[in-house]
Protein chains: 2
Amino acid sequence: MTRAPPSARPKVRIEEVARAAKVSAATVSRALNNPGLVSFALRTKVDTAAQALGYVAHGAARALASRRSRALGALVPTFANTIFSDAISAFQRRLEAANYTMLLAAFDYDPEVEYRSARTMIERGVDGLMLVGVTHDPRLFALLDASGVPFVQTWAPAKASPHPTIGYDNAALTRMVVDHLVSLGHRDIGMVAGVTEHNDRVRARIAGMRATLQLHSLPFEERRMVFTEYRLGAVRDAFREMQGRGPLPTALVANNDIVAIGLLLEAQAQGIAVPRDLSVVGVGDLEIAAHLQPGLTTVRTPKHSIGTLAAEYLLARIDDRAVSLPAELALELIIRGTTAPPPDRRKDPSP
Amino acid sequence: MTRAPPSARPKVRIEEVARAAKVSAATVSRALNNPGLVSFALRTKVDTAAQALGYVAHGAARALASRRSRALGALVPTFANTIFSDAISAFQRRLEAANYTMLLAAFDYDPEVEYRSARTMIERGVDGLMLVGVTHDPRLFALLDASGVPFVQTWAPAKASPHPTIGYDNAALTRMVVDHLVSLGHRDIGMVAGVTEHNDRVRARIAGMRATLQLHSLPFEERRMVFTEYRLGAVRDAFREMQGRGPLPTALVANNDIVAIGLLLEAQAQGIAVPRDLSVVGVGDLEIAAHLQPGLTTVRTPKHSIGTLAAEYLLARIDDRAVSLPAELALELIIRGTTAPPPDRRKDPSP
DNA sequence: TTGTACGCGTTATCAG
DNA sequence: CTGATAACGCGTACAA
């Protein structure tokens, strides 16, 4: 398929539509973008002409004249797991309804790449930007400030940043989880988390875990904390790493469902019975969580809402409409089969 | 967070950079976009000035003047499963390297939505478009033709369409799978496929299955074919639907790994042993396939290559460079633990 | 309600 | 190699 140069594009311009409808270009523009300002007769005439000629407005010219690109950018750490895809999907769907377009880029948890991508997007003239998390390259904030492009951060509660942010409280999330485990009688709880570098969500969850254990007067030894990348192979390695540090805790808190599944898989491979010998909790409530055998106890996060609200916030800001962001979105602990009282090691299972 | 109107953006324009560098705007433009055309001294002067002022080119103006947006569009059926995310990721990465931006939209297997999204993207001035599959709304082809925007179709072999297409042979895919199963001794093979409407990949796979069975002089009764959506719950229903039609076949070909996993889950729930009582094959080789117990036999598809090659093709077309697309990309059958000889029902397991 | 005329910020053309 | 100047295609005050 080696085709010839794309020759001249038979571009229909507004001028030609105007001629066909026997009106001025200005009227065509109005009829198409602001039908209310034009008499009904003209409006239909213009519509017909535009339709007939297959007129498609030239986005760049329109953006230049109107100072609005009708495009929003979204910057996510990765497409590799489904963690963000629900939010992205909701975001795009909301934009679609508003006749906006989404520019999307993944930055692989690298702030430098994130900064460059953001820069490119701003250069492309996005009217707003959706970010993940609240820790970013300082240059990114400077750029955002200088360009005046509205932006929202996501997956963190409003209080996590002086900038507009939408999400839930990651520390509260692990608190729910730990409370659940403690109420089941667990006193020796470990955590398998993602890499904390450039990831405020993980850091907050770890902090939440530590604080909650302290609240329960339970220790959180360093050996109970192990880090992993979000690949099943890596998670299984992490599991064995923790085993290498001595007898496993009775419960493991995973940073997300992917990690939880990795733990389950490794436990299964080793013949460790879940939840009899070990309880496991995930985060995210991926579709598969409910279908596993036993079902994965996890925290349902408002992925969809985050995407929709982020879009709505940006859209409102663009229109100079007042918007208030919720302080934080609700989480829901979904108790399924991977959590149970710990195997009795000492005495009573719960107070 | 109800902020004041976004006041004036302190936009630095090329004019100011020119003044600061004591050159003309034209020279600034050249120095930045075509450094080769400018003397070294000026180039550095301009670079310094631009840096100092924090100059960021105005994308719309640039696009209008240069007739190039440096943005490519990608239209995929869904973000919901990871089937396309690898390809998208590779696509975007390749664009990034070329200083291009990706516009992305999902159309939920609805050709009407696909058409509208494409239209929006073309209106936004994308320099090229990546499509999935070879069946699209005729209006989409008309639009593509009228606008002259280069495009590639993906996930199908070149021969599947008169238009540039990059992917693999979906019929050959099921042929590999069926050959494998037959060589194991299976003679009663069923298929659990996705909805065929607007999905040429699924149709080709079914055709491949039918043809291959015929080649082996094996029947393919209608009751051996069941359809499902790509949600685990739906897949499990489909499994039971097939059971409702009589004794299960000895092997089930799934349309993709998601479906395969659903089948595995339902089999497990029912106590049907895989692969002893039932063999299952997937398509896609998702990360989890290798980690399941037993490992999922599946076909590895060139997800990454598809994305990269699609980007490269479009980039080349834009530059009027000659490009040749491969006739088709290679597939690899990954034999793991979910396939084995069928439980003996009659006599010899294989010829 | 409609048309005229100008401006949006760059890049490309064409002299010099 | 550099500078002036004319597009690029549309939106929108302003005038009619």
# chains A, B, ... in the order shown; residues from 1 in each chain; ligands from 1

call {"tool": "residues_around", "arguments": {"residues": "Arg224 in chain A", "least_positions_apart": "4", "cutoff": "9 Å", "atoms": "only C-alpha atoms (C1' of nucleotides)", "output": "ChimeraX atom specification"}}
result
/A:188-192,220,242,245,248-249,252

call {"tool": "residues_around", "arguments": {"residues": "DT11 in chain C", "least_positions_apart": "3", "cutoff": "9 Å", "atoms": "only C-alpha atoms (C1' of nucleotides)", "output": "list in words"}}
result
Ala26, Ser29, Arg30, Ala61, Arg62, Ala63, Leu64, Ala65 and Ser66 of chain B; DC8 of chain D

call {"tool": "calpha_fit_rmsd", "arguments": {"fixed": "chain B", "moving": "chain A"}}
result
0.1 Å

call {"tool": "atom_distance", "arguments": {"atom1": "CA of Val46 in chain A", "atom2": "CA of Leu143 in chain B"}}
result
19.7 Å

call {"tool": "residues_around", "arguments": {"residues": "Leu53 in chain A", "least_positions_apart": "4", "cutoff": "10 Å", "atoms": "only C-alpha atoms (C1' of nucleotides)", "output": "CSV table (one decimal) with all heavy atoms, in the first residue's frame"}}
result
chain,number,residue,atom,x,y,z
A,11,LYS,N,-11.1,20.7,0.3
A,11,LYS,CA,-11.6,21.3,1.5
A,11,LYS,C,-12.8,22.3,1.1
A,11,LYS,O,-12.6,23.2,0.3
A,11,LYS,CB,-10.5,22.1,2.2
A,11,LYS,CG,-9.9,21.4,3.4
A,11,LYS,CD,-11.0,20.8,4.3
A,11,LYS,CE,-10.5,20.6,5.7
A,11,LYS,NZ,-11.5,20.0,6.5
A,12,VAL,N,-13.9,22.1,1.7
A,12,VAL,CA,-15.0,23.1,1.6
A,12,VAL,C,-14.8,24.1,2.7
A,12,VAL,O,-14.8,23.7,3.9
A,12,VAL,CB,-16.3,22.4,1.7
A,12,VAL,CG1,-17.4,23.4,1.6
A,12,VAL,CG2,-16.4,21.3,0.7
A,13,ARG,N,-14.8,25.3,2.3
A,13,ARG,CA,-14.6,26.4,3.4
A,13,ARG,C,-16.0,27.1,3.6
A,13,ARG,O,-16.9,27.0,2.8
A,13,ARG,CB,-13.5,27.3,3.0
A,13,ARG,CG,-12.2,26.6,3.1
A,13,ARG,CD,-11.1,27.5,2.6
A,13,ARG,NE,-11.4,28.0,1.3
A,13,ARG,CZ,-11.2,29.3,0.9
A,13,ARG,NH1,-10.9,30.2,1.8
A,13,ARG,NH2,-11.5,29.6,-0.3
A,16,GLU,N,-17.7,29.0,0.8
A,16,GLU,CA,-18.4,28.3,-0.3
A,16,GLU,C,-19.9,28.0,0.2
A,16,GLU,O,-20.8,28.0,-0.5
A,16,GLU,CB,-17.7,27.0,-0.7
A,16,GLU,CG,-16.5,27.3,-1.6
A,16,GLU,CD,-15.4,26.3,-1.3
A,16,GLU,OE1,-15.6,25.1,-1.5
A,16,GLU,OE2,-14.3,26.8,-0.9
A,17,VAL,N,-19.9,27.6,1.5
A,17,VAL,CA,-21.2,27.4,2.1
A,17,VAL,C,-22.1,28.7,2.0
A,17,VAL,O,-23.2,28.7,1.6
A,17,VAL,CB,-21.1,26.9,3.5
A,17,VAL,CG1,-22.5,26.7,4.1
A,17,VAL,CG2,-20.3,25.6,3.6
A,20,ALA,N,-23.3,29.2,-1.5
A,20,ALA,CA,-24.4,28.3,-1.8
A,20,ALA,C,-25.7,28.7,-1.1
A,20,ALA,O,-26.7,28.5,-1.7
A,20,ALA,CB,-24.0,26.9,-1.4
A,47,ASP,N,-27.9,25.3,6.9
A,47,ASP,CA,-27.8,23.8,7.3
A,47,ASP,C,-27.8,23.0,6.1
A,47,ASP,O,-26.9,22.1,5.9
A,47,ASP,CB,-28.9,23.4,8.3
A,47,ASP,CG,-28.6,23.9,9.7
A,47,ASP,OD1,-27.5,24.4,9.9
A,47,ASP,OD2,-29.5,23.8,10.5
A,48,THR,N,-28.7,23.2,5.2
A,48,THR,CA,-28.9,22.4,4.0
A,48,THR,C,-27.6,22.5,3.1
A,48,THR,O,-27.1,21.5,2.7
A,48,THR,CB,-30.1,22.9,3.2
A,48,THR,OG1,-31.2,23.0,4.0
A,48,THR,CG2,-30.4,21.9,2.1
A,49,ALA,N,-27.2,23.7,2.9
A,49,ALA,CA,-26.0,24.0,2.1
A,49,ALA,C,-24.8,23.3,2.7
A,49,ALA,O,-24.0,22.6,2.0
A,49,ALA,CB,-25.8,25.5,1.9

call {"tool": "residues_around", "arguments": {"residues": "DT4 in chain C", "least_positions_apart": "2", "cutoff": "10 Å", "atoms": "only C-alpha atoms (C1' of nucleotides)", "output": "list in words"}}
result
Ser24 and Ala26 of chain A; DC6 of chain C; DC14, DA15 and DA16 of chain D

call {"tool": "closest_atom_pairs", "arguments": {"of": "chain C", "to": "chain A", "cutoff": "8 Å", "atoms": "only C-alpha atoms (C1' of nucleotides)", "output": "JSON lines"}}
result
{"residue": "C:DT1", "atom": "C1'", "partner": "A:Val38", "partner_atom": "CA", "distance": 6.5}
{"residue": "C:DT2", "atom": "C1'", "partner": "A:Thr27", "partner_atom": "CA", "distance": 7.0}
{"residue": "C:DG3", "atom": "C1'", "partner": "A:Ser24", "partner_atom": "CA", "distance": 6.4}
{"residue": "C:DG7", "atom": "C1'", "partner": "A:Ala65", "partner_atom": "CA", "distance": 7.9}
{"residue": "C:DC8", "atom": "C1'", "partner": "A:Ala65", "partner_atom": "CA", "distance": 4.9}
{"residue": "C:DG9", "atom": "C1'", "partner": "A:Leu64", "partner_atom": "CA", "distance": 7.8}

call {"tool": "write_last_selection", "arguments": {"atoms": "C-alpha atoms (C1' of nucleotides)", "output": "PDB file, in the first residue's frame"}}
result
ATOM      1  C1'  DT C   1     -31.457  39.927  11.898  1.00  0.00           C
ATOM      2  C1'  DT C   2     -27.572  40.315   8.649  1.00  0.00           C
ATOM      3  C1'  DG C   3     -23.148  41.871   6.444  1.00  0.00           C
ATOM      4  C1'  DG C   7      -7.951  40.050  14.180  1.00  0.00           C
ATOM      5  C1'  DC C   8      -6.398  35.517  16.017  1.00  0.00           C
ATOM      6  C1'  DG C   9      -0.522  33.887  16.066  1.00  0.00           C
TER       7       DG C   9
END

call {"tool": "residues_around", "arguments": {"residues": "Ala238 in chain B", "least_positions_apart": "4", "cutoff": "10 Å", "atoms": "only C-alpha atoms (C1' of nucleotides)", "output": "list in words"}}
result
Val192, Ala193, Met225, Val226, Phe227, Thr228, Glu229, Leu232, Gly233, Ala234, Met242, Gln243, Gly244, Val259, Gly262, Leu263 and Glu266 of chain B

call {"tool": "select_by_dssp", "arguments": {"residues": "range 102-238 of chain A", "states": "alpha helix (DSSP H)", "output": "PyMOL selection string"}}
result
chain A and resi 111-123+138-147+170-184+200-215+232-238

call {"tool": "atom_distance", "arguments": {"atom1": "CA of Pro275 in chain B", "atom2": "CA of Asp200 in chain B"}}
result
29.8 Å

call {"tool": "interface_residues", "arguments": {"of": "chain D", "to": "chain A", "cutoff": "7 Å", "atoms": "only C-alpha atoms (C1' of nucleotides)", "output": "list in words"}}
result
DG9, DC10 and DG11 of chain D

call {"tool": "closest_atom_pairs", "arguments": {"of": "chain A", "to": "chain B", "cutoff": "6 Å", "atoms": "only C-alpha atoms", "output": "JSON lines"}}
result
{"residue": "A:Met1", "atom": "CA", "partner": "B:Ser324", "partner_atom": "CA", "distance": 5.5}
{"residue": "A:Thr2", "atom": "CA", "partner": "B:Val323", "partner_atom": "CA", "distance": 5.4}
{"residue": "A:Pro5", "atom": "CA", "partner": "B:Asp320", "partner_atom": "CA", "distance": 5.4}
{"residue": "A:Arg9", "atom": "CA", "partner": "B:Gly148", "partner_atom": "CA", "distance": 5.4}
{"residue": "A:Val56", "atom": "CA", "partner": "B:Glu123", "partner_atom": "CA", "distance": 5.9}
{"residue": "A:Ala57", "atom": "CA", "partner": "B:Glu123", "partner_atom": "CA", "distance": 5.9}
{"residue": "A:His58", "atom": "CA", "partner": "B:Glu123", "partner_atom": "CA", "distance": 5.8}
{"residue": "A:Gly59", "atom": "CA", "partner": "B:Arg124", "partner_atom": "CA", "distance": 4.3}
{"residue": "A:Ala60", "atom": "CA", "partner": "B:Ala60", "partner_atom": "CA", "distance": 4.6}
{"residue": "A:Ala61", "atom": "CA", "partner": "B:Leu64", "partner_atom": "CA", "distance": 5.8}
{"residue": "A:Ala63", "atom": "CA", "partner": "B:Ala60", "partner_atom": "CA", "distance": 5.9}
{"residue": "A:Leu64", "atom": "CA", "partner": "B:Ala60", "partner_atom": "CA", "distance": 5.4}
{"residue": "A:Phe79", "atom": "CA", "partner": "B:Ser85", "partner_atom": "CA", "distance": 5.8}
{"residue": "A:Ser85", "atom": "CA", "partner": "B:Phe79", "partner_atom": "CA", "distance": 5.8}
{"residue": "A:Met102", "atom": "CA", "partner": "B:Leu103", "partner_atom": "CA", "distance": 5.7}
{"residue": "A:Leu103", "atom": "CA", "partner": "B:Leu103", "partner_atom": "CA", "distance": 4.5}
{"residue": "A:Glu123", "atom": "CA", "partner": "B:Gly59", "partner_atom": "CA", "distance": 5.4}
{"residue": "A:Arg124", "atom": "CA", "partner": "B:Gly59", "partner_atom": "CA", "distance": 4.4}
{"residue": "A:Gly125", "atom": "CA", "partner": "B:Gly59", "partner_atom": "CA", "distance": 5.7}
{"residue": "A:Ser147", "atom": "CA", "partner": "B:Arg9", "partner_atom": "CA", "distance": 5.8}
{"residue": "A:Gly148", "atom": "CA", "partner": "B:Arg9", "partner_atom": "CA", "distance": 5.4}
{"residue": "A:Asp320", "atom": "CA", "partner": "B:Pro5", "partner_atom": "CA", "distance": 5.5}
{"residue": "A:Ala322", "atom": "CA", "partner": "B:Thr2", "partner_atom": "CA", "distance": 5.7}
{"residue": "A:Val323", "atom": "CA", "partner": "B:Thr2", "partner_atom": "CA", "distance": 5.4}
{"residue": "A:Ser324", "atom": "CA", "partner": "B:Met1", "partner_atom": "CA", "distance": 5.5}

call {"tool": "select_by_dssp", "arguments": {"residues": "range 144-277 of chain A", "states": "strand (DSSP E)", "output": "CSV table (one decimal) with N, CA and C atoms, in the first residue's frame"}}
result
chain,number,residue,atom,x,y,z
A,151,PHE,N,-7.1,23.2,35.4
A,151,PHE,CA,-6.7,21.8,35.6
A,151,PHE,C,-7.3,21.2,36.8
A,152,VAL,N,-7.5,19.9,36.9
A,152,VAL,CA,-7.9,19.2,38.1
A,152,VAL,C,-7.0,18.1,38.3
A,153,GLN,N,-6.7,17.9,39.6
A,153,GLN,CA,-6.0,16.7,40.0
A,153,GLN,C,-7.0,15.6,40.4
A,154,THR,N,-6.7,14.4,40.3
A,154,THR,CA,-7.6,13.3,40.6
A,154,THR,C,-7.0,12.2,41.5
A,165,THR,N,-8.9,19.4,43.3
A,165,THR,CA,-8.6,18.0,43.4
A,165,THR,C,-9.8,17.2,43.6
A,166,ILE,N,-10.0,16.1,43.0
A,166,ILE,CA,-11.2,15.3,43.1
A,166,ILE,C,-10.8,13.9,43.3
A,189,ILE,N,-0.6,-7.7,60.5
A,189,ILE,CA,-1.0,-7.4,59.2
A,189,ILE,C,0.1,-6.8,58.4
A,190,GLY,N,0.3,-7.3,57.2
A,190,GLY,CA,1.3,-6.8,56.3
A,190,GLY,C,0.7,-6.0,55.1
A,191,MET,N,1.6,-5.4,54.4
A,191,MET,CA,1.1,-4.6,53.2
A,191,MET,C,2.1,-4.8,52.0
A,192,VAL,N,1.4,-5.0,50.9
A,192,VAL,CA,2.2,-5.1,49.7
A,192,VAL,C,1.8,-3.9,48.8
A,193,ALA,N,2.7,-2.9,48.7
A,193,ALA,CA,2.3,-1.7,48.0
A,193,ALA,C,3.1,-1.4,46.8
A,194,GLY,N,2.6,-0.5,46.0
A,194,GLY,CA,3.4,-0.1,44.8
A,194,GLY,C,4.5,0.8,45.1
A,225,MET,N,6.2,-4.7,55.4
A,225,MET,CA,5.9,-3.8,54.3
A,225,MET,C,6.8,-4.2,53.1
A,226,VAL,N,6.2,-4.5,52.0
A,226,VAL,CA,7.1,-4.9,50.9
A,226,VAL,C,6.5,-4.1,49.6
A,227,PHE,N,7.4,-3.8,48.7
A,227,PHE,CA,7.1,-3.0,47.6
A,227,PHE,C,7.1,-3.8,46.3
A,228,THR,N,6.3,-3.4,45.3
A,228,THR,CA,6.3,-4.2,44.1
A,228,THR,C,5.8,-3.3,42.9
A,251,ALA,N,-2.7,-11.4,57.6
A,251,ALA,CA,-3.4,-10.7,56.6
A,251,ALA,C,-2.5,-9.8,55.8
A,252,LEU,N,-2.8,-9.7,54.5
A,252,LEU,CA,-2.0,-8.9,53.6
A,252,LEU,C,-3.0,-7.8,53.0
A,253,VAL,N,-2.6,-6.6,53.1
A,253,VAL,CA,-3.3,-5.5,52.4
A,253,VAL,C,-2.6,-5.2,51.1
A,254,ALA,N,-3.3,-5.3,50.0
A,254,ALA,CA,-2.7,-5.1,48.7
A,254,ALA,C,-3.0,-3.6,48.3

call {"tool": "atom_distance", "arguments": {"atom1": "CA of Gly128 in chain B", "atom2": "CA of Leu75 in chain B"}}
result
11.2 Å

call {"tool": "decode", "arguments": {"residues": "range 180-191 of chain A", "atoms": "all heavy atoms", "output": "PDB file, in the first residue's frame"}}
result
ATOM      1  N   HIS A 180     -11.413  -3.407  59.303  1.00  0.00           N
ATOM      2  CA  HIS A 180     -12.080  -4.668  58.976  1.00  0.00           C
ATOM      3  C   HIS A 180     -11.251  -5.869  59.426  1.00  0.00           C
ATOM      4  O   HIS A 180     -11.752  -6.792  60.086  1.00  0.00           O
ATOM      5  CB  HIS A 180     -12.340  -4.729  57.464  1.00  0.00           C
ATOM      6  CG  HIS A 180     -12.748  -6.076  56.942  1.00  0.00           C
ATOM      7  ND1 HIS A 180     -13.878  -6.741  57.395  1.00  0.00           N
ATOM      8  CD2 HIS A 180     -12.179  -6.886  56.018  1.00  0.00           C
ATOM      9  CE1 HIS A 180     -13.984  -7.898  56.765  1.00  0.00           C
ATOM     10  NE2 HIS A 180     -12.961  -8.008  55.924  1.00  0.00           N
ATOM     11  N   LEU A 181      -9.984  -5.824  59.094  1.00  0.00           N
ATOM     12  CA  LEU A 181      -9.121  -6.962  59.443  1.00  0.00           C
ATOM     13  C   LEU A 181      -8.982  -7.097  60.953  1.00  0.00           C
ATOM     14  O   LEU A 181      -9.028  -8.202  61.505  1.00  0.00           O
ATOM     15  CB  LEU A 181      -7.745  -6.787  58.784  1.00  0.00           C
ATOM     16  CG  LEU A 181      -7.742  -6.924  57.257  1.00  0.00           C
ATOM     17  CD1 LEU A 181      -6.389  -6.536  56.671  1.00  0.00           C
ATOM     18  CD2 LEU A 181      -8.105  -8.350  56.848  1.00  0.00           C
ATOM     19  N   VAL A 182      -8.816  -5.972  61.617  1.00  0.00           N
ATOM     20  CA  VAL A 182      -8.657  -6.019  63.068  1.00  0.00           C
ATOM     21  C   VAL A 182      -9.930  -6.563  63.715  1.00  0.00           C
ATOM     22  O   VAL A 182      -9.881  -7.360  64.659  1.00  0.00           O
ATOM     23  CB  VAL A 182      -8.309  -4.627  63.627  1.00  0.00           C
ATOM     24  CG1 VAL A 182      -8.407  -4.615  65.153  1.00  0.00           C
ATOM     25  CG2 VAL A 182      -6.899  -4.232  63.185  1.00  0.00           C
ATOM     26  N   SER A 183     -11.059  -6.132  63.177  1.00  0.00           N
ATOM     27  CA  SER A 183     -12.322  -6.601  63.760  1.00  0.00           C
ATOM     28  C   SER A 183     -12.484  -8.110  63.567  1.00  0.00           C
ATOM     29  O   SER A 183     -13.207  -8.764  64.299  1.00  0.00           O
ATOM     30  CB  SER A 183     -13.504  -5.851  63.145  1.00  0.00           C
ATOM     31  OG  SER A 183     -13.804  -6.390  61.876  1.00  0.00           O
ATOM     32  N   LEU A 184     -11.811  -8.638  62.567  1.00  0.00           N
ATOM     33  CA  LEU A 184     -11.840 -10.085  62.374  1.00  0.00           C
ATOM     34  C   LEU A 184     -10.883 -10.792  63.322  1.00  0.00           C
ATOM     35  O   LEU A 184     -10.915 -12.009  63.452  1.00  0.00           O
ATOM     36  CB  LEU A 184     -11.459 -10.434  60.935  1.00  0.00           C
ATOM     37  CG  LEU A 184     -12.507 -10.169  59.852  1.00  0.00           C
ATOM     38  CD1 LEU A 184     -11.900 -10.387  58.472  1.00  0.00           C
ATOM     39  CD2 LEU A 184     -13.727 -11.076  60.049  1.00  0.00           C
ATOM     40  N   GLY A 185     -10.032 -10.009  63.968  1.00  0.00           N
ATOM     41  CA  GLY A 185      -9.114 -10.606  64.914  1.00  0.00           C
ATOM     42  C   GLY A 185      -7.653 -10.580  64.487  1.00  0.00           C
ATOM     43  O   GLY A 185      -6.785 -11.080  65.190  1.00  0.00           O
ATOM     44  N   HIS A 186      -7.378  -9.992  63.343  1.00  0.00           N
ATOM     45  CA  HIS A 186      -5.987  -9.947  62.898  1.00  0.00           C
ATOM     46  C   HIS A 186      -5.194  -8.926  63.706  1.00  0.00           C
ATOM     47  O   HIS A 186      -5.689  -7.851  64.028  1.00  0.00           O
ATOM     48  CB  HIS A 186      -5.922  -9.569  61.412  1.00  0.00           C
ATOM     49  CG  HIS A 186      -6.482 -10.618  60.510  1.00  0.00           C
ATOM     50  ND1 HIS A 186      -5.734 -11.657  60.014  1.00  0.00           N
ATOM     51  CD2 HIS A 186      -7.740 -10.804  60.039  1.00  0.00           C
ATOM     52  CE1 HIS A 186      -6.503 -12.440  59.261  1.00  0.00           C
ATOM     53  NE2 HIS A 186      -7.733 -11.942  59.258  1.00  0.00           N
ATOM     54  N   ARG A 187      -3.973  -9.323  64.069  1.00  0.00           N
ATOM     55  CA  ARG A 187      -3.109  -8.391  64.801  1.00  0.00           C
ATOM     56  C   ARG A 187      -1.753  -8.296  64.100  1.00  0.00           C
ATOM     57  O   ARG A 187      -0.913  -7.513  64.475  1.00  0.00           O
ATOM     58  CB  ARG A 187      -2.877  -8.839  66.243  1.00  0.00           C
ATOM     59  CG  ARG A 187      -3.730  -9.964  66.722  1.00  0.00           C
ATOM     60  CD  ARG A 187      -4.371  -9.583  68.034  1.00  0.00           C
ATOM     61  NE  ARG A 187      -5.515  -8.747  67.788  1.00  0.00           N
ATOM     62  CZ  ARG A 187      -5.871  -7.674  68.506  1.00  0.00           C
ATOM     63  NH1 ARG A 187      -5.162  -7.300  69.540  1.00  0.00           N
ATOM     64  NH2 ARG A 187      -6.929  -6.971  68.200  1.00  0.00           N
ATOM     65  N   ASP A 188      -1.575  -9.128  63.145  1.00  0.00           N
ATOM     66  CA  ASP A 188      -0.296  -9.111  62.426  1.00  0.00           C
ATOM     67  C   ASP A 188      -0.611  -8.942  60.941  1.00  0.00           C
ATOM     68  O   ASP A 188      -0.897  -9.895  60.237  1.00  0.00           O
ATOM     69  CB  ASP A 188       0.452 -10.429  62.682  1.00  0.00           C
ATOM     70  CG  ASP A 188       1.838 -10.409  62.053  1.00  0.00           C
ATOM     71  OD1 ASP A 188       2.228  -9.367  61.490  1.00  0.00           O
ATOM     72  OD2 ASP A 188       2.532 -11.451  62.135  1.00  0.00           O
ATOM     73  N   ILE A 189      -0.575  -7.694  60.522  1.00  0.00           N
ATOM     74  CA  ILE A 189      -1.033  -7.361  59.179  1.00  0.00           C
ATOM     75  C   ILE A 189       0.120  -6.795  58.353  1.00  0.00           C
ATOM     76  O   ILE A 189       0.851  -5.920  58.818  1.00  0.00           O
ATOM     77  CB  ILE A 189      -2.171  -6.317  59.252  1.00  0.00           C
ATOM     78  CG1 ILE A 189      -3.300  -6.863  60.139  1.00  0.00           C
ATOM     79  CG2 ILE A 189      -2.681  -5.961  57.866  1.00  0.00           C
ATOM     80  CD1 ILE A 189      -4.398  -5.877  60.416  1.00  0.00           C
ATOM     81  N   GLY A 190       0.260  -7.286  57.158  1.00  0.00           N
ATOM     82  CA  GLY A 190       1.318  -6.787  56.282  1.00  0.00           C
ATOM     83  C   GLY A 190       0.741  -6.038  55.106  1.00  0.00           C
ATOM     84  O   GLY A 190      -0.466  -6.035  54.872  1.00  0.00           O
ATOM     85  N   MET A 191       1.620  -5.377  54.386  1.00  0.00           N
ATOM     86  CA  MET A 191       1.147  -4.605  53.238  1.00  0.00           C
ATOM     87  C   MET A 191       2.057  -4.824  52.043  1.00  0.00           C
ATOM     88  O   MET A 191       3.275  -4.864  52.158  1.00  0.00           O
ATOM     89  CB  MET A 191       1.124  -3.122  53.592  1.00  0.00           C
ATOM     90  CG  MET A 191       0.604  -2.249  52.455  1.00  0.00           C
ATOM     91  SD  MET A 191       0.362  -0.551  53.016  1.00  0.00           S
ATOM     92  CE  MET A 191      -0.821   0.030  51.804  1.00  0.00           C
TER      93      MET A 191
END
